[in-house]
file input.cif (mmCIF, C-alpha atoms)
data_start
loop_
_atom_site.label_atom_id
_atom_site.label_comp_id
_atom_site.auth_asym_id
_atom_site.auth_seq_id
_atom_site.Cartn_x
_atom_site.Cartn_y
_atom_site.Cartn_z
CA MET A 1 13.77 24.58 18.98
CA THR A 2 11.99 22.55 21.67
CA ASP A 3 9.36 19.92 20.99
CA ASP A 4 6.63 22.14 22.43
CA GLN A 5 7.59 25.03 20.14
CA LEU A 6 7.56 22.74 17.14
CA ILE A 7 4.13 21.44 18.12
CA HIS A 8 2.75 24.99 18.24
CA ARG A 9 4.15 25.61 14.79
CA ILE A 10 2.60 22.41 13.46
CA ARG A 11 -0.74 23.53 14.82
CA ASP A 12 -0.28 26.73 12.84
CA GLY A 13 0.08 24.64 9.70
CA ASP A 14 3.86 24.29 9.46
CA LEU A 15 4.53 20.82 8.07
CA GLY A 16 8.28 21.44 8.19
CA ALA A 17 8.04 21.53 11.98
CA PHE A 18 6.51 18.08 11.97
CA GLU A 19 9.33 16.85 9.76
CA GLN A 20 11.74 18.10 12.41
CA LEU A 21 9.97 15.98 15.01
CA VAL A 22 10.07 12.96 12.70
CA LEU A 23 13.80 13.39 12.18
CA ARG A 24 14.29 13.79 15.92
CA TYR A 25 12.35 10.71 17.07
CA GLN A 26 12.15 8.18 14.25
CA LYS A 27 15.33 6.41 15.35
CA PRO A 28 14.40 5.75 18.99
CA ILE A 29 10.83 4.85 18.06
CA TYR A 30 12.02 2.46 15.36
CA ALA A 31 14.57 0.87 17.70
CA PHE A 32 11.91 0.31 20.35
CA VAL A 33 9.29 -1.03 17.93
CA LEU A 34 11.83 -3.30 16.25
CA ARG A 35 12.77 -4.72 19.65
CA MET A 36 9.14 -5.40 20.36
CA LEU A 37 8.05 -6.81 17.00
CA LYS A 38 11.34 -8.38 15.93
CA ASN A 39 10.49 -7.87 12.26
CA PRO A 40 12.02 -4.90 10.37
CA MET A 41 9.15 -4.67 7.86
CA ASP A 42 6.49 -4.69 10.58
CA ALA A 43 8.54 -2.21 12.57
CA GLU A 44 8.80 0.17 9.63
CA ASP A 45 5.06 0.05 8.97
CA THR A 46 4.30 0.52 12.63
CA VAL A 47 6.62 3.53 12.95
CA GLN A 48 4.90 5.19 10.00
CA LYS A 49 1.54 4.57 11.63
CA VAL A 50 2.81 5.98 14.90
CA PHE A 51 3.87 9.28 13.33
CA LEU A 52 0.73 9.51 11.26
CA LEU A 53 -1.41 8.97 14.36
CA ALA A 54 0.68 11.50 16.23
CA TYR A 55 0.08 14.07 13.50
CA GLN A 56 -3.64 13.37 13.34
CA ASN A 57 -4.02 13.61 17.11
CA LEU A 58 -1.66 16.48 17.73
CA LYS A 59 -4.57 18.82 18.44
CA GLY A 60 -5.44 16.62 21.40
CA PHE A 61 -1.93 16.78 22.86
CA ARG A 62 -2.20 18.75 26.11
CA PHE A 63 1.46 19.02 27.11
CA GLU A 64 0.85 16.95 30.25
CA SER A 65 3.78 14.76 29.34
CA SER A 66 6.68 15.24 26.97
CA PHE A 67 6.08 14.68 23.27
CA LYS A 68 8.61 11.85 23.41
CA THR A 69 6.65 10.06 26.13
CA TRP A 70 3.42 10.59 24.22
CA LEU A 71 5.02 9.18 21.09
CA PHE A 72 6.18 6.10 22.98
CA ARG A 73 2.69 5.66 24.33
CA ILE A 74 1.31 5.62 20.78
CA SER A 75 4.05 3.16 19.82
CA ILE A 76 3.13 0.87 22.69
CA ASN A 77 -0.53 0.89 21.65
CA GLN A 78 0.44 0.13 18.07
CA CYS A 79 2.61 -2.78 19.21
CA HIS A 80 -0.33 -4.12 21.20
CA ASN A 81 -2.54 -3.77 18.12
CA HIS A 82 0.04 -5.61 16.07
CA PHE A 83 0.18 -8.46 18.57
CA ARG A 84 -3.58 -8.65 18.62
CA GLN A 85 -3.77 -8.75 14.84
CA GLN A 86 -1.00 -11.25 14.43
CA LYS A 87 -1.98 -13.16 17.55
CA LYS A 88 1.69 -13.32 18.31
CA ARG A 89 2.05 -14.27 21.88
CA GLU A 90 5.08 -16.36 21.32
CA PHE A 91 6.82 -15.65 24.57
CA THR A 92 6.98 -18.27 27.24
CA PRO A 93 6.18 -16.81 30.64
CA LEU A 94 9.23 -16.97 32.79
CA GLU A 95 7.13 -18.15 35.73
CA GLU A 96 7.10 -21.58 34.08
CA ILE A 97 10.85 -21.82 34.08
CA PRO A 98 12.41 -23.23 37.25
CA ILE A 99 14.39 -20.57 39.05
CA ALA A 100 17.96 -21.40 39.91
CA ASP A 101 19.62 -20.95 43.21
CA PRO A 102 20.79 -17.33 43.22
CA LYS A 103 23.84 -18.29 45.28
CA ASN A 104 25.14 -20.31 42.42
CA ASN A 105 26.80 -17.41 40.73
CA GLN A 106 28.61 -18.39 37.57
CA GLU A 107 28.29 -15.29 35.41
CA ASP A 108 32.03 -14.98 35.21
CA GLU A 109 32.09 -17.97 32.93
CA PHE A 110 30.07 -16.14 30.32
CA SER A 111 31.81 -14.24 27.69
CA ARG A 112 30.31 -10.84 26.95
CA LYS A 113 28.93 -12.03 23.64
CA GLU A 114 27.28 -15.06 25.18
CA LEU A 115 25.77 -12.88 27.83
CA ARG A 116 24.26 -10.56 25.22
CA GLY A 117 22.70 -13.50 23.44
CA GLN A 118 21.30 -14.88 26.67
CA VAL A 119 19.93 -11.48 27.69
CA GLN A 120 18.22 -11.11 24.34
CA LYS A 121 16.62 -14.55 24.62
CA ALA A 122 15.50 -13.85 28.14
CA ILE A 123 13.95 -10.53 27.19
CA GLU A 124 11.97 -12.14 24.40
CA ARG A 125 10.34 -14.34 27.03
CA LEU A 126 9.31 -11.57 29.34
CA PRO A 127 5.64 -10.61 29.66
CA PRO A 128 4.96 -7.66 27.30
CA LYS A 129 4.58 -5.05 30.01
CA GLN A 130 7.84 -5.94 31.74
CA LYS A 131 9.58 -6.15 28.41
CA MET A 132 8.37 -2.69 27.48
CA VAL A 133 9.44 -1.20 30.81
CA LEU A 134 12.87 -2.77 30.49
CA LEU A 135 13.37 -1.59 26.90
CA LEU A 136 12.08 1.90 27.55
CA ARG A 137 14.34 2.24 30.54
CA VAL A 138 17.50 0.64 29.16
CA ASP A 139 17.29 1.36 25.43
CA GLN A 140 15.52 4.69 25.47
CA ASP A 141 16.64 6.07 28.83
CA LEU A 142 13.14 7.10 29.78
CA SER A 143 12.67 7.85 33.46
CA PHE A 144 10.22 5.72 35.43
CA GLU A 145 7.96 8.75 35.54
CA GLU A 146 7.93 8.89 31.74
CA ILE A 147 7.55 5.13 31.42
CA GLY A 148 4.60 5.29 33.80
CA LYS A 149 2.93 7.92 31.60
CA ALA A 150 3.67 5.99 28.44
CA LEU A 151 2.27 2.76 29.83
CA ASP A 152 -0.52 4.39 31.81
CA MET A 153 0.77 3.27 35.19
CA ARG A 154 2.35 4.91 38.21
CA ALA A 155 6.08 5.53 38.22
CA ASN A 156 6.48 3.14 41.16
CA SER A 157 4.70 0.40 39.26
CA ALA A 158 7.07 0.95 36.36
CA LYS A 159 9.98 0.67 38.77
CA VAL A 160 8.65 -2.59 40.26
CA ASN A 161 8.08 -3.99 36.77
CA PHE A 162 11.63 -3.08 35.85
CA HIS A 163 12.93 -4.79 38.98
CA TYR A 164 10.96 -7.98 38.27
CA ALA A 165 12.01 -7.96 34.62
CA LEU A 166 15.66 -7.69 35.58
CA GLU A 167 15.34 -10.47 38.15
CA LYS A 168 13.66 -12.77 35.64
CA VAL A 169 16.33 -12.11 33.06
CA LYS A 170 19.04 -12.94 35.58
CA ASP A 171 17.27 -16.09 36.72
CA TRP A 172 16.70 -17.24 33.16
CA ILE A 173 20.36 -16.73 32.29
CA LYS A 174 21.50 -18.69 35.32
CA THR A 175 19.06 -21.51 34.64
CA HIS A 176 19.99 -21.86 31.01
CA HIS A 177 23.66 -21.64 31.66
CA GLU A 178 23.40 -24.56 34.08
CA THR A 179 21.41 -26.66 31.63
CA MET B 1 30.63 -3.83 58.72
CA LYS B 2 27.31 -4.55 57.08
CA PRO B 3 24.56 -1.93 57.42
CA LYS B 4 21.70 -4.37 58.06
CA GLY B 5 18.09 -3.27 57.86
CA THR B 6 18.59 -0.89 54.98
CA CYS B 7 19.39 -3.42 52.23
CA ALA B 8 15.74 -3.76 51.14
CA GLU B 9 15.36 0.00 50.82
CA ILE B 10 18.64 0.38 48.99
CA ARG B 11 17.83 -2.42 46.56
CA LYS B 12 14.62 -0.64 45.61
CA GLN B 13 16.73 2.31 44.57
CA LEU B 14 19.37 0.39 42.68
CA ALA B 15 17.60 0.72 39.33
CA ASP B 16 17.34 4.48 39.72
CA TYR B 17 20.91 4.64 40.93
CA ALA B 18 22.13 2.71 37.89
CA GLY B 19 20.13 5.06 35.70
CA ARG B 20 21.48 8.12 37.47
CA LEU B 21 17.98 9.19 38.32
CA LEU B 22 18.59 9.82 42.02
CA THR B 23 19.20 13.23 43.53
CA GLY B 24 22.57 14.06 45.07
CA THR B 25 21.71 13.05 48.64
CA GLU B 26 19.92 9.83 47.60
CA ALA B 27 22.73 8.81 45.29
CA GLU B 28 25.28 9.49 48.03
CA GLU B 29 23.32 7.31 50.46
CA VAL B 30 23.23 4.37 48.00
CA ARG B 31 26.90 4.78 47.15
CA ASP B 32 27.81 4.73 50.82
CA HIS B 33 25.72 1.60 51.40
CA LEU B 34 27.27 -0.24 48.44
CA SER B 35 30.77 0.53 49.68
CA ARG B 36 29.99 -1.31 52.90
CA CYS B 37 27.58 -4.11 51.74
CA PRO B 38 29.10 -6.80 49.46
CA ASP B 39 25.67 -8.46 48.84
CA CYS B 40 24.06 -5.26 47.55
CA LEU B 41 27.21 -4.40 45.63
CA GLY B 42 27.14 -7.82 43.97
CA LEU B 43 23.50 -7.31 43.04
CA HIS B 44 24.22 -3.86 41.67
CA GLU B 45 27.12 -5.14 39.57
CA GLU B 46 25.01 -7.99 38.29
CA ASN B 47 22.24 -5.60 37.28
CA SER B 48 24.71 -3.27 35.64
CA ARG B 49 26.20 -6.12 33.63
CA ILE B 50 22.78 -7.20 32.37
CA VAL B 51 21.77 -3.65 31.50
CA SER B 52 25.10 -3.05 29.80
CA ALA B 53 24.72 -6.24 27.76
CA LEU B 54 21.21 -5.19 26.79
CA ARG B 55 22.40 -1.76 25.66
CA GLN B 56 25.16 -3.26 23.57
CA ASP B 57 22.69 -5.57 21.92
CA SER B 58 20.64 -2.77 20.39
CA PRO B 59 19.82 -3.35 16.70
CA PRO B 60 22.26 -1.92 14.12
CA ASP B 61 21.53 1.42 12.48
CA PRO B 62 19.96 0.78 9.04
CA GLY B 63 21.79 3.78 7.57
CA PRO B 64 20.94 7.27 6.32
CA ALA B 65 19.17 6.04 3.16
CA PHE B 66 16.70 4.13 5.31
CA TRP B 67 15.98 7.12 7.54
CA ASN B 68 15.59 9.46 4.56
CA ARG B 69 13.14 7.08 2.94
CA MET B 70 11.17 6.67 6.13
CA THR B 71 10.98 10.41 6.70
CA GLY B 72 9.91 10.91 3.10
CA GLU B 73 7.16 8.31 3.32
CA ILE B 74 5.82 9.70 6.59
CA MET B 75 5.79 13.24 5.24
CA ALA B 76 4.13 12.11 2.01
CA GLU B 77 1.32 10.57 4.06
CA VAL B 78 1.01 13.71 6.13
CA ARG B 79 0.89 15.94 3.04
CA HIS B 80 -1.75 13.67 1.55
CA LEU B 81 -3.83 14.20 4.70
CA GLU B 82 -3.43 17.94 4.38
CA SER B 83 -4.10 18.22 0.63
CA PRO B 84 -7.43 19.93 -0.23
CA PRO B 85 -10.28 17.71 -1.46
CA GLN B 86 -10.30 17.21 -5.21
CA PRO B 87 -13.11 18.56 -7.40
CA TRP B 88 -15.80 16.02 -8.24
CA TYR B 89 -14.56 15.38 -11.77
CA ARG B 90 -11.16 14.30 -10.48
CA ARG B 91 -12.35 12.11 -7.66
CA PRO B 92 -11.40 8.51 -8.17
CA TRP B 93 -14.94 7.08 -8.16
CA PHE B 94 -14.45 5.33 -11.49
CA THR B 95 -10.84 5.44 -12.50
CA PRO B 96 -9.32 2.13 -13.43
CA TRP B 97 -5.62 2.54 -14.17
CA ASN B 98 -5.95 5.89 -12.37
CA TRP B 99 -7.39 7.63 -15.40
CA PRO B 100 -9.25 10.81 -14.46
CA VAL B 101 -12.94 11.00 -15.25
CA TYR B 102 -12.40 13.57 -17.99
CA ALA B 103 -10.25 11.02 -19.79
CA TRP B 104 -12.74 8.23 -19.29
CA SER B 105 -15.81 10.12 -20.54
CA PRO B 106 -14.71 10.55 -24.19
CA ALA B 107 -13.38 7.01 -24.26
CA LEU B 108 -16.70 5.68 -23.00
CA ALA B 109 -18.67 7.85 -25.47
CA LEU B 110 -16.50 6.60 -28.33
CA LEU B 111 -17.07 3.02 -27.25
CA VAL B 112 -20.86 3.46 -27.17
CA LEU B 113 -20.84 5.21 -30.55
CA THR B 114 -18.76 2.45 -32.14
CA ALA B 115 -21.02 -0.22 -30.74
CA GLY B 116 -24.11 1.63 -32.04
CA LEU B 117 -22.68 2.01 -35.53
CA TYR B 118 -21.67 -1.62 -35.64
CA TYR B 119 -25.13 -2.74 -34.58
CA TYR B 120 -26.83 -0.52 -37.17
CA GLY B 121 -24.47 -1.57 -39.94
CA SER B 122 -24.72 -5.28 -39.18
CA PHE B 123 -28.50 -5.51 -39.22
CA SER B 124 -29.57 -2.83 -41.69
CA ASP B 125 -29.60 -5.19 -44.73
CA SER B 126 -31.96 -7.71 -43.26
CA LYS B 127 -34.17 -5.52 -41.11
CA PRO B 128 -37.83 -5.68 -42.12
CA VAL B 129 -38.02 -2.00 -41.35
CA LEU B 130 -36.47 -1.30 -44.74
CA LEU B 131 -39.36 -2.89 -46.58
CA VAL B 132 -41.58 0.12 -46.67
CA LYS B 133 -44.51 1.55 -48.48
CA ASN B 134 -44.60 0.81 -52.18
CA GLY B 135 -41.68 -1.39 -52.78
CA ILE B 136 -39.35 -3.98 -51.55
CA PRO B 137 -36.07 -2.20 -52.00
CA ALA B 138 -33.90 -5.08 -50.98
CA ALA B 139 -35.52 -7.54 -53.35
CA GLU B 140 -35.78 -4.93 -56.09
CA SER B 141 -32.13 -4.09 -55.93
CA ARG B 142 -31.29 -7.77 -56.12
CA LEU B 143 -33.28 -8.06 -59.31
CA GLU B 144 -31.64 -4.96 -60.71
CA ASP B 145 -28.29 -6.57 -60.18
CA ILE B 146 -29.16 -9.55 -62.31
CA GLY B 147 -31.36 -7.61 -64.65
CA ASP B 148 -28.63 -6.83 -67.13
CA SER B 149 -27.88 -10.50 -67.63
CA LEU B 150 -31.44 -11.35 -68.62
CA ALA B 151 -31.49 -11.38 -72.44
CA ASP B 152 -32.92 -12.56 -75.66
CA PRO B 153 -33.92 -16.16 -74.92
CA PHE B 154 -36.95 -14.87 -73.14
CA MET B 155 -38.00 -13.23 -76.37
CA THR B 156 -38.82 -16.71 -77.64
CA LEU B 157 -41.37 -17.25 -74.90
CA SER B 158 -45.00 -16.71 -75.67
CA SER B 159 -46.78 -14.10 -73.65
CA GLN B 160 -48.54 -16.86 -71.74
CA GLU B 161 -45.29 -18.63 -70.96
CA SER B 162 -43.69 -15.41 -69.99
CA ALA B 163 -46.53 -14.63 -67.60
CA ARG B 164 -46.19 -18.08 -65.99
CA LEU B 165 -42.48 -17.67 -65.64
CA GLN B 166 -42.90 -14.28 -64.04
CA LYS B 167 -45.46 -15.65 -61.66
CA THR B 168 -43.25 -18.56 -60.68
CA MET B 169 -40.23 -16.39 -60.11
CA GLY B 170 -42.32 -13.94 -58.17
CA ARG B 171 -43.57 -16.66 -55.89
CA ARG B 172 -40.10 -17.96 -55.24
CA LEU B 173 -38.80 -14.53 -54.43
CA ALA B 174 -41.79 -13.77 -52.28
CA SER B 175 -41.45 -17.04 -50.39
CA GLU B 176 -37.78 -16.33 -49.79
CA ILE B 177 -38.21 -12.78 -48.65
CA TYR B 178 -41.60 -12.61 -47.04
CA ALA B 179 -42.16 -16.14 -45.91
CA ARG B 180 -45.48 -16.52 -47.67
CA ASN B 181 -46.75 -13.08 -46.96
CA ASP B 182 -49.66 -12.71 -49.32
CA GLU B 183 -49.59 -8.97 -49.43
CA ALA B 184 -45.93 -8.89 -50.31
CA GLU B 185 -46.47 -11.59 -52.91
CA GLU B 186 -49.01 -9.38 -54.59
CA ALA B 187 -46.50 -6.57 -54.64
CA VAL B 188 -43.92 -8.80 -56.30
CA LEU B 189 -46.37 -10.00 -58.88
CA GLU B 190 -46.97 -6.49 -59.98
CA TRP B 191 -43.46 -6.22 -61.34
CA ASP B 192 -42.89 -6.52 -64.99
CA LEU B 193 -39.91 -8.78 -65.55
CA SER B 194 -40.32 -9.25 -69.24
CA ASN B 195 -37.99 -6.38 -70.13
CA ARG B 196 -35.33 -7.76 -67.88
CA MET B 197 -35.66 -11.25 -69.26
CA GLU B 198 -35.12 -9.99 -72.77
CA MET B 199 -31.54 -9.19 -71.98
CA LEU B 200 -30.60 -12.67 -70.77
CA SER B 201 -28.09 -14.69 -72.76
CA ASN B 202 -28.70 -18.34 -73.43
CA LYS B 203 -26.26 -19.29 -70.79
CA ASP B 204 -27.92 -17.07 -68.20
CA LEU B 205 -31.31 -18.29 -69.17
CA ASN B 206 -30.16 -21.86 -68.69
CA LYS B 207 -29.00 -20.93 -65.24
CA VAL B 208 -32.38 -19.46 -64.44
CA ALA B 209 -34.05 -22.53 -65.83
CA ASP B 210 -31.87 -24.79 -63.74
CA LYS B 211 -32.82 -22.87 -60.65
CA LEU B 212 -36.46 -23.05 -61.48
CA GLN B 213 -36.18 -26.80 -62.10
CA THR B 214 -36.00 -27.46 -58.40
CA GLY B 215 -39.20 -25.48 -57.99
CA THR B 216 -42.59 -26.15 -59.57
CA PRO B 217 -42.60 -29.04 -62.08
CA ALA B 218 -44.96 -27.32 -64.50
CA GLY B 219 -42.84 -24.23 -64.88
CA THR B 220 -39.71 -26.29 -65.29
CA LYS B 221 -41.05 -28.28 -68.20
CA GLU B 222 -42.20 -25.31 -70.12
CA VAL B 223 -39.06 -23.27 -69.69
CA THR B 224 -36.70 -26.14 -70.39
CA GLY B 225 -38.61 -27.14 -73.44
CA ASN B 226 -38.51 -23.68 -74.94
CA VAL B 227 -34.87 -23.06 -74.34
CA SER B 228 -33.64 -26.29 -75.74
#
call {"tool": "encode", "arguments": {"input": "input.cif", "output": "structure tokens"}}
result
Amino acid sequence: MTDDQLIHRIRDGDLGAFEQLVLRYQKPIYAFVLRMLKNPMDAEDTVQKVFLLAYQNLKGFRFESSFKTWLFRISINQCHNHFRQQKKREFTPLEEIPIADPKNNQEDEFSRKELRGQVQKAIERLPPKQKMVLLLRVDQDLSFEEIGKALDMRANSAKVNFHYALEKVKDWIKTHHET
Amino acid sequence: MKPKGTCAEIRKQLADYAGRLLTGTEAEEVRDHLSRCPDCLGLHEENSRIVSALRQDSPPDPGPAFWNRMTGEIMAEVRHLESPPQPWYRRPWFTPWNWPVYAWSPALALLVLTAGLYYYGSFSDSKPVLLVKNGIPAAESRLEDIGDSLADPFMTLSSQESARLQKTMGRRLASEIYARNDEAEEAVLEWDLSNRMEMLSNKDLNKVADKLQTGTPAGTKEVTGNVS
């Protein structure tokens, strides 16, 4: 059964249909929120809020985007709320970090494990919007069209943000490998 | 041979190409460019490595128990939203420990009743409200209690002495109970204690005399003198 069919059934009062949607999307939503908040307890609470908000606002869902995209949009808003409440802006903007010479290519010296660690650290320092675009694209396989709808931006903007995010991650890895 | 002039356009499409989001013709164009441009190919490989590392670094699955619990909690919240409103007597407007109102009401009534009974019982003996109309029940009952112990020694008193003794005792009782209330004193003086006194033993009479000794000196002398 498709998401849209399940939504129609929920609107007719079928709670089991909503449970199907929860089972279908709780994993990707949790993975995304956990990446953003970095705290399993906060992530769990936020995911519950996301689904509760989705249920409460399901009557307002107009099928202009996919349910998955809509759910990610709610998740993004909840992450923003969480940051506002916690005043957690711990990331260091990458603009402050000196950018290395791109010709100095030494990635081969990284082991795969080291590279993963470096990527993770670099992502944590990305501006929230770029971080979200990167995670939604890489982790959740959302298209730029879907990311644009989730983040309330054009698909091209999402693509540019993704490009910048990737460049910053690469630059950060090079810089920190040298130092 | 390097296809110059198209690198910028191709690089814009690399993210979509890596994500397999391009159509057949577009993807073919990028693939063709990468096969002939080492710079763009290097960039593409670099991007792919970063994206691959990021994908591999996804958080571990917490396990089926976690997902079951999360689903259960979400659905419990949703069912709570959908449950019909409770009738007024079950609404939690005053339910410490989550007791329903119909459990609290009898408990509260019992508490009030117990407090009322305790208050009434504690103060009933000393409340002036009991001193009504013709008598002084509290004082009278006290005299009745000691009445049986009043005995013969009072028989030896003259009628004059007996009258004095009665008056003295009456005053003392009146002063204790009524705090010099003249009207009450009159009521006490109307009692006839002579019959009670007749039943006092010597020992009891001595006790009475001792008590009276701390009172009026005149009364003390007369009573003591007669007894001894």
call {"tool": "atom_distance", "arguments": {"input": "input.cif", "atom1": "CA of Lys12 in chain B", "atom2": "CA of Glu167 in chain A"}}
result
12.4 Å
call {"tool": "interface_residues", "arguments": {"input": "input.cif", "of": "chain A", "to": "chain B", "cutoff": "7 Å", "atoms": "all atoms listed in the file", "output": "PDB file with C-alpha atoms, keeping the file's coordinate frame"}}
result
ATOM      1  CA  GLU A  19       9.330  16.850   9.760  1.00  0.00           C
ATOM      2  CA  VAL A  22      10.070  12.960  12.700  1.00  0.00           C
ATOM      3  CA  LEU A  23      13.800  13.390  12.180  1.00  0.00           C
ATOM      4  CA  ALA A  31      14.570   0.870  17.700  1.00  0.00           C
ATOM      5  CA  GLN A  48       4.900   5.190  10.000  1.00  0.00           C
ATOM      6  CA  LEU A  52       0.730   9.510  11.260  1.00  0.00           C
ATOM      7  CA  LEU A 115      25.770 -12.880  27.830  1.00  0.00           C
ATOM      8  CA  ARG A 116      24.260 -10.560  25.220  1.00  0.00           C
ATOM      9  CA  VAL A 119      19.930 -11.480  27.690  1.00  0.00           C
ATOM     10  CA  VAL A 138      17.500   0.640  29.160  1.00  0.00           C
ATOM     11  CA  ASP A 139      17.290   1.360  25.430  1.00  0.00           C
TER      12      ASP A 139
END
call {"tool": "atom_distance", "arguments": {"input": "input.cif", "atom1": "CA of Cys40 in chain B", "atom2": "CA of Cys7 in chain B"}}
result
6.9 Å
call {"tool": "residues_near_point", "arguments": {"input": "input.cif", "point": "(-0.5, -5.1, 14.9)", "cutoff": "12 Å", "atoms": "all atoms listed in the file", "output": "PDB file with C-alpha atoms, in the frame of the given file"}}
result
ATOM      1  CA  VAL A  33       9.290  -1.030  17.930  1.00  0.00           C
ATOM      2  CA  MET A  36       9.140  -5.400  20.360  1.00  0.00           C
ATOM      3  CA  LEU A  37       8.050  -6.810  17.000  1.00  0.00           C
ATOM      4  CA  ASN A  39      10.490  -7.870  12.260  1.00  0.00           C
ATOM      5  CA  MET A  41       9.150  -4.670   7.860  1.00  0.00           C
ATOM      6  CA  ASP A  42       6.490  -4.690  10.580  1.00  0.00           C
ATOM      7  CA  ALA A  43       8.540  -2.210  12.570  1.00  0.00           C
ATOM      8  CA  GLU A  44       8.800   0.170   9.630  1.00  0.00           C
ATOM      9  CA  ASP A  45       5.060   0.050   8.970  1.00  0.00           C
ATOM     10  CA  THR A  46       4.300   0.520  12.630  1.00  0.00           C
ATOM     11  CA  VAL A  47       6.620   3.530  12.950  1.00  0.00           C
ATOM     12  CA  LYS A  49       1.540   4.570  11.630  1.00  0.00           C
ATOM     13  CA  VAL A  50       2.810   5.980  14.900  1.00  0.00           C
ATOM     14  CA  SER A  75       4.050   3.160  19.820  1.00  0.00           C
ATOM     15  CA  ILE A  76       3.130   0.870  22.690  1.00  0.00           C
ATOM     16  CA  ASN A  77      -0.530   0.890  21.650  1.00  0.00           C
ATOM     17  CA  GLN A  78       0.440   0.130  18.070  1.00  0.00           C
ATOM     18  CA  CYS A  79       2.610  -2.780  19.210  1.00  0.00           C
ATOM     19  CA  HIS A  80      -0.330  -4.120  21.200  1.00  0.00           C
ATOM     20  CA  ASN A  81      -2.540  -3.770  18.120  1.00  0.00           C
ATOM     21  CA  HIS A  82       0.040  -5.610  16.070  1.00  0.00           C
ATOM     22  CA  PHE A  83       0.180  -8.460  18.570  1.00  0.00           C
ATOM     23  CA  ARG A  84      -3.580  -8.650  18.620  1.00  0.00           C
ATOM     24  CA  GLN A  85      -3.770  -8.750  14.840  1.00  0.00           C
ATOM     25  CA  GLN A  86      -1.000 -11.250  14.430  1.00  0.00           C
ATOM     26  CA  LYS A  87      -1.980 -13.160  17.550  1.00  0.00           C
ATOM     27  CA  LYS A  88       1.690 -13.320  18.310  1.00  0.00           C
ATOM     28  CA  ARG A  89       2.050 -14.270  21.880  1.00  0.00           C
TER      29      ARG A  89
END
call {"tool": "resolve_selection", "arguments": {"input": "input.cif", "expression": "the PyMOL selection byres ((chain A and resi 4) around 12)", "output": "JSON, numbers by chain"}}
result
{"A": [1, 2, 3, 5, 6, 7, 8, 9, 10, 11, 17, 18, 20, 21, 58, 61, 62, 63, 64, 65, 66, 67, 68]}
call {"tool": "atom_distance", "arguments": {"input": "input.cif", "atom1": "CA of Gln56 in chain A", "atom2": "CA of Ala76 in chain B"}}
result
13.8 Å
call {"tool": "closest_residue", "arguments": {"input": "input.cif", "among": "B:Ala18, B:Ser175, B:Gln166, B:Thr23", "to": "His44 in chain B", "atoms": "all atoms listed in the file"}}
result
B:Ala18
call {"tool": "residues_around", "arguments": {"input": "input.cif", "residues": "range 122-137 of chain A", "least_positions_apart": "3", "cutoff": "8 Å", "atoms": "only C-alpha atoms", "output": "MDAnalysis selection string"}}
result
chainID A and resid 32 35:36 76 91:94 118:119 140:144 147 158 161:162 164:166 168:169 172:173
call {"tool": "resolve_selection", "arguments": {"input": "input.cif", "expression": "the PyMOL selection byres ((chain B and resi 30) around 10)", "output": "list in words"}}
result
Thr6, Cys7, Glu9, Ile10, Arg11, Gln13, Leu14, Tyr17, Leu22, Thr25, Glu26, Ala27, Glu28, Glu29, Arg31, Asp32, His33, Leu34, Ser35, Cys40 and Leu41 of chain B
call {"tool": "axis_aligned_box", "arguments": {"input": "input.cif", "around": "range 155-158 of chain A", "padding_each_side": "8 Å", "output": "AutoDock Vina command-line options"}}
result
--center_x 5.9 --center_y 3.0 --center_z 38.8 --size_x 18.4 --size_y 21.1 --size_z 20.8
